[in-house]
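Remarks on the structure that follows.
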Amino acid sequence: MKVFGWQKEETFYTENTPAQTGPPDPKNARDPLFSARGLTKVYLAGEVEVRALDGVDFDLYPGEFIVLLGPSGSGKSTLLNNLGGLDVPTSGTLAYKDRELTGADEEELTAFRRDAVGFVFQFYNLIPSLTALENVALITEIAKDPMTPEEALGLVGLRERMDHFPSQMSGGEQQRVAIARAISKRPEVLLCDEPTGALDVKTGITVLEAIERVNRELGTLALVITHNAVIADMADRVIHLSDGRISRIERNGARRSVRSLRW
Ligand SMILES: Nc1ncnc2c1ncn2[C@@H]1O[C@H](COP(=O)(O)OP(=O)(O)OP(=O)(O)O)[C@@H](O)[C@H]1O
Ligand SMILES: [Mg+2]
């Protein structure tokens with residue numbers, strides 16, 4: 001059986017800049033991390049077919065900050081779940097580096113998720129009986145090349161709170177523990193599905209700052225789903241989904257820091 005090695009590799013510079021992703025950007029003078037072509041996901045709900053993704057094409061590059069916007073039901077979570085190997089497309093192709101994820105077996109997808117991807121969801125899914133440090137250590141103990149739990153919590157500004165239990169922390173702090181847990185294995189990709197969805201604006205900002213910092217300091221490709229269009233200004237590129245299709249991809253000339261956004 002082919003076993004995938006998902007170690008980090010040198011990124012080779014090429015002159016390929018796919019036309020459909022908008023005007024060129026220096027970050028795109030590299031091979032994409034993800035390439036999707038005609039990516040389609042059809043769910044069967046009883047007799048009814050739902051085309052959650054209806055033939056999407058895109059490339060995502062190492063170190064980019066991507067915001068995914070679109071109305072409810074437009075396919076955002078479906079896209080994120082396919083990128084993260086939690087779900088598999090019905091047709092089309094999806095490649096991560098030079099490996100085809102479409103057609104990978106369960107074992108290969110598990111290796112991909114374990115080694116390459118960090119997930120952050122709206123609800124933090126921390127274990128209530130473990131401290132912040134212990135929640136993060138659950139991952140660092142099984143990862144290949146992890147940072148220490150202290151380092152990971154430091155990156156999200158929670159070094160002082162590592163001995164606290166989830167019940168002793170605010171929602172924003174718990175979400176930052178979840179981010180620390182997701183990035184402690186140094187994944188190349190951080191996928192966030194409405195990470196601020198359960199938080200007020202002020203708390204949401206601290207969470208977005210943590211994601212921004214991880215993206216900047218570790219060079220992690222970050223993809224953030226949100227309903228809040230203001231957040232789009234902090235992205236390198238904004239992908240708009242509508243009815244399972246990409247309606248447009250915008251590039252921000254200059255990325256704004258979270259602190260400078262007006263809410
Ligand atoms: N497991 C499933 N079975 C059947 N239909 C599904 C399934 N998952 C998603 N869908 C359908 O696919 C479409 C896209 O769903 P998806 O969850 O990707 O939307 P979304 O953009 O994330 O929406 P929201 O903003 O509400 O989270 C919806 O019509 C949804 O009902
Ligand atoms: Mg969703």
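Ligands are numbered from 1 in the order shown, residues from 1 within each chain, and chains are lettered A, B, ... in the order they appear in the structure tokens.
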
Find the nearest atom pair between each residue of range 30-101 of chain A and range 241-252 of chain A for residues within 12 Å, count only C-alpha atoms, give distances in Å to one decimal, sort rows by chain and ascending number, and present the table as a Markdown table.
```
| residue | atom | partner | partner_atom | distance |
| --- | --- | --- | --- | --- |
| A:Ala36 | CA | A:Ile246 | CA | 11.7 |
| A:Arg37 | CA | A:Ile246 | CA | 11.8 |
| A:Gly38 | CA | A:Arg245 | CA | 9.9 |
| A:Leu39 | CA | A:Arg245 | CA | 9.6 |
| A:Thr40 | CA | A:Gly244 | CA | 8.3 |
| A:Lys41 | CA | A:Gly244 | CA | 8.6 |
| A:Val42 | CA | A:Gly244 | CA | 9.9 |
| A:Tyr43 | CA | A:Gly244 | CA | 11.8 |
| A:Val50 | CA | A:Gly244 | CA | 9.4 |
| A:Arg51 | CA | A:Gly244 | CA | 6.6 |
| A:Ala52 | CA | A:Gly244 | CA | 5.1 |
| A:Leu53 | CA | A:Gly244 | CA | 4.0 |
| A:Asp54 | CA | A:Gly244 | CA | 4.9 |
| A:Gly55 | CA | A:Arg245 | CA | 6.6 |
| A:Val56 | CA | A:Arg245 | CA | 5.8 |
| A:Asp57 | CA | A:Ile246 | CA | 7.8 |
| A:Phe58 | CA | A:Ile246 | CA | 8.8 |
| A:Asp59 | CA | A:Ile249 | CA | 10.9 |
| A:Leu60 | CA | A:Ile249 | CA | 11.5 |
| A:Glu64 | CA | A:Arg251 | CA | 11.0 |
| A:Phe65 | CA | A:Asn252 | CA | 10.5 |
| A:Ile66 | CA | A:Arg251 | CA | 9.5 |
| A:Val67 | CA | A:Glu250 | CA | 9.9 |
| A:Leu68 | CA | A:Leu241 | CA | 7.3 |
| A:Leu69 | CA | A:Leu241 | CA | 6.2 |
| A:Gly70 | CA | A:Leu241 | CA | 4.9 |
| A:Pro71 | CA | A:Ser242 | CA | 6.8 |
| A:Ser72 | CA | A:Ser242 | CA | 9.1 |
| A:Gly73 | CA | A:Asp243 | CA | 7.3 |
| A:Ser74 | CA | A:Asp243 | CA | 4.6 |
| A:Gly75 | CA | A:Gly244 | CA | 5.1 |
| A:Lys76 | CA | A:Leu241 | CA | 7.0 |
| A:Ser77 | CA | A:Gly244 | CA | 10.6 |
| A:Thr78 | CA | A:Gly244 | CA | 9.0 |
| A:Leu79 | CA | A:Gly244 | CA | 8.9 |
| A:Leu80 | CA | A:Leu241 | CA | 11.9 |
```

Extract the full set of alpha helix (DSSP H) residues from range 14-162 of chain A according to DSSP on the backbone, and format it as a ChimeraX atom specification.
/A:76-83,106-116,132-140,149-155

Output file for the selection above: C-alpha atoms, as an mmCIF file, in the first residue's frame:
```cif
data_model
loop_
_atom_site.group_PDB
_atom_site.id
_atom_site.type_symbol
_atom_site.label_atom_id
_atom_site.label_comp_id
_atom_site.auth_asym_id
_atom_site.auth_seq_id
_atom_site.Cartn_x
_atom_site.Cartn_y
_atom_site.Cartn_z
ATOM 1 C CA LYS A 76 -18.536 26.875 2.317
ATOM 2 C CA SER A 77 -18.312 24.096 4.907
ATOM 3 C CA THR A 78 -18.484 21.475 2.177
ATOM 4 C CA LEU A 79 -15.491 23.072 0.492
ATOM 5 C CA LEU A 80 -13.539 23.292 3.751
ATOM 6 C CA ASN A 81 -14.338 19.676 4.618
ATOM 7 C CA ASN A 82 -13.142 18.499 1.209
ATOM 8 C CA LEU A 83 -9.914 20.507 1.536
ATOM 9 C CA GLU A 106 -9.162 6.309 4.258
ATOM 10 C CA GLU A 107 -5.681 5.554 5.552
ATOM 11 C CA GLU A 108 -4.114 8.149 3.278
ATOM 12 C CA LEU A 109 -6.717 10.745 4.192
ATOM 13 C CA THR A 110 -6.107 10.074 7.878
ATOM 14 C CA ALA A 111 -2.367 10.610 7.379
ATOM 15 C CA PHE A 112 -3.083 13.804 5.446
ATOM 16 C CA ARG A 113 -5.363 15.188 8.164
ATOM 17 C CA ARG A 114 -2.986 14.197 10.924
ATOM 18 C CA ASP A 115 0.146 15.666 9.382
ATOM 19 C CA ALA A 116 -0.927 18.563 7.199
ATOM 20 C CA ALA A 132 -5.466 24.344 28.398
ATOM 21 C CA LEU A 133 -1.961 22.862 28.427
ATOM 22 C CA GLU A 134 -3.264 19.298 28.623
ATOM 23 C CA ASN A 135 -5.756 19.895 25.810
ATOM 24 C CA VAL A 136 -2.911 21.020 23.538
ATOM 25 C CA ALA A 137 -0.574 18.262 24.777
ATOM 26 C CA LEU A 138 -3.053 15.644 23.530
ATOM 27 C CA ILE A 139 -1.980 16.641 20.025
ATOM 28 C CA THR A 140 1.697 17.426 20.580
ATOM 29 C CA PRO A 149 2.238 23.153 24.208
ATOM 30 C CA GLU A 150 3.714 26.196 25.960
ATOM 31 C CA GLU A 151 4.966 27.605 22.633
ATOM 32 C CA ALA A 152 1.607 26.989 20.960
ATOM 33 C CA LEU A 153 -0.280 28.696 23.800
ATOM 34 C CA GLY A 154 2.255 31.541 23.722
ATOM 35 C CA LEU A 155 1.492 32.142 20.037
#
```

Which of range 172-255 of chain A counts as strand (DSSP E or B) under DSSP, as a PyMOL selection string please?
chain A and resi 189-193+221-225+237-242+245-251

Print the selection's residues with N, CA and C atoms to a file, as a JSON list (two decimals), in the first residue's frame.
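part_13.json, written as the output of this step:
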```
[["chain", "number", "residue", "atom", "x", "y", "z"],
["A", 189, "VAL", "N", -1.56, 23.82, 6.73],
["A", 189, "VAL", "CA", -2.88, 24.36, 6.41],
["A", 189, "VAL", "C", -3.69, 24.51, 7.70],
["A", 190, "LEU", "N", -4.33, 25.66, 7.87],
["A", 190, "LEU", "CA", -5.23, 25.87, 9.00],
["A", 190, "LEU", "C", -6.61, 26.21, 8.43],
["A", 191, "LEU", "N", -7.58, 25.32, 8.69],
["A", 191, "LEU", "CA", -8.92, 25.50, 8.15],
["A", 191, "LEU", "C", -9.87, 25.89, 9.28],
["A", 192, "CYS", "N", -10.52, 27.05, 9.13],
["A", 192, "CYS", "CA", -11.34, 27.57, 10.23],
["A", 192, "CYS", "C", -12.77, 27.80, 9.73],
["A", 193, "ASP", "N", -13.71, 27.07, 10.29],
["A", 193, "ASP", "CA", -15.12, 27.20, 9.88],
["A", 193, "ASP", "C", -15.86, 28.05, 10.90],
["A", 221, "LEU", "N", -0.88, 28.32, 5.55],
["A", 221, "LEU", "CA", -2.01, 28.72, 4.71],
["A", 221, "LEU", "C", -3.25, 28.73, 5.61],
["A", 222, "ALA", "N", -3.91, 29.89, 5.72],
["A", 222, "ALA", "CA", -5.11, 29.96, 6.57],
["A", 222, "ALA", "C", -6.32, 30.21, 5.69],
["A", 223, "LEU", "N", -7.36, 29.42, 5.90],
["A", 223, "LEU", "CA", -8.62, 29.63, 5.19],
["A", 223, "LEU", "C", -9.70, 29.79, 6.25],
["A", 224, "VAL", "N", -10.37, 30.94, 6.21],
["A", 224, "VAL", "CA", -11.34, 31.27, 7.25],
["A", 224, "VAL", "C", -12.71, 31.50, 6.62],
["A", 225, "ILE", "N", -13.68, 30.71, 7.06],
["A", 225, "ILE", "CA", -15.07, 30.92, 6.63],
["A", 225, "ILE", "C", -15.72, 31.91, 7.59],
["A", 237, "ARG", "N", -6.67, 37.00, -0.34],
["A", 237, "ARG", "CA", -7.71, 36.81, -1.37],
["A", 237, "ARG", "C", -9.02, 36.40, -0.72],
["A", 238, "VAL", "N", -10.10, 36.81, -1.35],
["A", 238, "VAL", "CA", -11.44, 36.50, -0.86],
["A", 238, "VAL", "C", -12.15, 35.68, -1.92],
["A", 239, "ILE", "N", -12.60, 34.50, -1.54],
["A", 239, "ILE", "CA", -13.33, 33.64, -2.47],
["A", 239, "ILE", "C", -14.81, 33.75, -2.13],
["A", 240, "HIS", "N", -15.62, 34.14, -3.12],
["A", 240, "HIS", "CA", -17.06, 34.26, -2.91],
["A", 240, "HIS", "C", -17.74, 33.03, -3.49],
["A", 241, "LEU", "N", -18.52, 32.34, -2.65],
["A", 241, "LEU", "CA", -19.27, 31.17, -3.11],
["A", 241, "LEU", "C", -20.74, 31.53, -3.18],
["A", 242, "SER", "N", -21.40, 30.98, -4.19],
["A", 242, "SER", "CA", -22.84, 31.20, -4.33],
["A", 242, "SER", "C", -23.42, 29.96, -5.01],
["A", 245, "ARG", "N", -20.98, 27.46, -6.43],
["A", 245, "ARG", "CA", -20.01, 27.90, -7.44],
["A", 245, "ARG", "C", -19.22, 29.09, -6.93],
["A", 246, "ILE", "N", -18.04, 29.28, -7.49],
["A", 246, "ILE", "CA", -17.27, 30.48, -7.15],
["A", 246, "ILE", "C", -17.79, 31.61, -8.02],
["A", 247, "SER", "N", -18.37, 32.63, -7.37],
["A", 247, "SER", "CA", -18.87, 33.74, -8.18],
["A", 247, "SER", "C", -17.77, 34.74, -8.48],
["A", 248, "ARG", "N", -16.84, 34.92, -7.56],
["A", 248, "ARG", "CA", -15.64, 35.71, -7.88],
["A", 248, "ARG", "C", -14.55, 35.49, -6.83],
["A", 249, "ILE", "N", -13.33, 35.80, -7.26],
["A", 249, "ILE", "CA", -12.19, 35.76, -6.34],
["A", 249, "ILE", "C", -11.55, 37.14, -6.40],
["A", 250, "GLU", "N", -11.50, 37.80, -5.24],
["A", 250, "GLU", "CA", -10.92, 39.15, -5.21],
["A", 250, "GLU", "C", -9.56, 39.08, -4.53],
["A", 251, "ARG", "N", -8.67, 39.94, -4.98],
["A", 251, "ARG", "CA", -7.39, 40.06, -4.27],
["A", 251, "ARG", "C", -7.33, 41.43, -3.60]]
```

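The shortest atom-to-atom distance to ligand 2, with only C-alpha atoms and all ligand atoms taken into account, belongs to A:His227 out of A:Arg213, A:Lys202, A:Arg99, A:His227.
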
Within 12 Å of Gln168 in chain A using only C-alpha atoms, minus same-chain residues under 6 positions, as an MDAnalysis selection string:
chainID A and resid 128:132 161:162 174

Produce a file of the selected residues containing C-alpha atoms, as a JSON list (two decimals), in the first residue's frame.
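Once written, result_0.json looks like this:
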```json
[["chain", "number", "residue", "atom", "x", "y", "z"],
["A", 128, "PRO", "CA", -13.53, 20.03, 29.99],
["A", 129, "SER", "CA", -11.58, 17.92, 32.49],
["A", 130, "LEU", "CA", -8.20, 18.88, 31.01],
["A", 131, "THR", "CA", -6.35, 22.19, 31.40],
["A", 132, "ALA", "CA", -5.47, 24.34, 28.40],
["A", 161, "ARG", "CA", -3.62, 30.73, 31.32],
["A", 162, "MET", "CA", -2.22, 27.31, 30.54],
["A", 174, "GLN", "CA", -11.27, 28.73, 24.72]]
```

Show me, as a PyMOL selection string, the residues that have an atom within 9 Å of Thr196 in chain A when counting only C-alpha atoms, minus same-chain residues fewer than 3 positions from it.
chain A and resi 121-122+172+175+193+199-201+203-205+207-208+226

d(CA of Gly63 in chain A, CA of Glu141 in chain A) in Å:
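Between these atoms lies a distance of 25.4 Å.
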
Close residues, Leu33 in chain A itself excluded, 8 Å, only C-alpha atoms, min 4 positions apart in chain, as a list in words:
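That gives Asp59, Leu60, Tyr61, Pro62, Ala95, Tyr96 and Lys97 of chain A.
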
Would you please work out which residue, of A:Lys144, A:Gly197, A:Glu100, A:Asp105, is nearest to ligand 1 when using only C-alpha atoms and all ligand atoms?
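Using only C-alpha atoms and all ligand atoms, the shortest distance to ligand 1 belongs to A:Gly197.
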
Quick one: residues within 10 Å of Arg186 in chain A, only C-alpha atoms counted, chain neighbours fewer than 5 positions away excluded, as a compact mmCIF listing (two decimals) with N, CA and C atoms, in the first residue's frame?
```
# COMPACT_ATOMS: atom_id res chain seq x y z
N LYS A 8 7.14 18.32 5.33
CA LYS A 8 7.27 19.58 4.60
C LYS A 8 8.31 19.42 3.51
N ASP A 115 -1.15 15.01 9.56
CA ASP A 115 0.15 15.67 9.38
C ASP A 115 0.05 17.06 8.79
N ALA A 116 -0.95 17.32 7.97
CA ALA A 116 -0.93 18.56 7.20
C ALA A 116 -1.95 19.60 7.62
N VAL A 117 -3.01 19.20 8.32
CA VAL A 117 -4.15 20.10 8.51
C VAL A 117 -4.48 20.35 9.97
N GLY A 118 -4.70 21.61 10.31
CA GLY A 118 -5.28 21.96 11.60
C GLY A 118 -6.69 22.46 11.37
N THR A 140 0.23 17.38 20.74
CA THR A 140 1.70 17.43 20.58
C THR A 140 2.33 16.07 20.90
N ALA A 143 2.13 14.12 17.52
CA ALA A 143 2.54 14.74 16.25
C ALA A 143 4.00 14.45 15.95
N LYS A 144 4.36 14.60 14.66
CA LYS A 144 5.72 14.27 14.21
C LYS A 144 6.75 15.29 14.63
N ASP A 145 6.44 16.56 14.41
CA ASP A 145 7.42 17.61 14.66
C ASP A 145 6.72 18.78 15.36
N PRO A 146 6.17 18.50 16.55
CA PRO A 146 5.33 19.55 17.17
C PRO A 146 6.17 20.62 17.84
N MET A 147 5.54 21.76 18.11
CA MET A 147 6.12 22.71 19.05
C MET A 147 5.69 22.24 20.44
N ALA A 152 2.86 26.84 21.71
CA ALA A 152 1.61 26.99 20.96
C ALA A 152 0.68 27.95 21.70
N ALA A 180 -4.47 27.00 19.32
CA ALA A 180 -3.15 26.50 19.76
C ALA A 180 -3.06 24.99 19.52
N ARG A 181 -4.13 24.30 19.85
CA ARG A 181 -4.17 22.84 19.66
C ARG A 181 -4.04 22.51 18.15
N VAL A 214 -0.46 33.29 13.49
CA VAL A 214 -0.02 31.96 13.06
C VAL A 214 0.31 31.97 11.57
N LEU A 218 4.22 31.48 11.16
CA LEU A 218 4.53 30.10 10.78
C LEU A 218 4.37 29.87 9.28
N GLY A 219 3.83 30.86 8.57
CA GLY A 219 3.64 30.70 7.12
C GLY A 219 2.56 29.67 6.79
N THR A 220 1.64 29.48 7.72
CA THR A 220 0.56 28.51 7.51
C THR A 220 -0.49 29.08 6.56
```

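Among the candidates A:Ile179, A:Gly157, A:Gly103, A:Pro195, the residue lying nearest to ligand 1 is A:Pro195 (atoms considered: only C-alpha atoms and all ligand atoms).
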
Distance criterion (only C-alpha atoms and all ligand atoms): nearest to ligand 1 out of A:Glu194, A:Val230, A:Phe165, A:Leu101:
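The answer is A:Glu194, which sits nearest to ligand 1.
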
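Minimum atom-to-atom distances from A:Pro32, A:Ala45, A:Glu173, A:Arg255 to ligand 1 were compared using only C-alpha atoms and all ligand atoms, and the lowest value belongs to A:Ala45.
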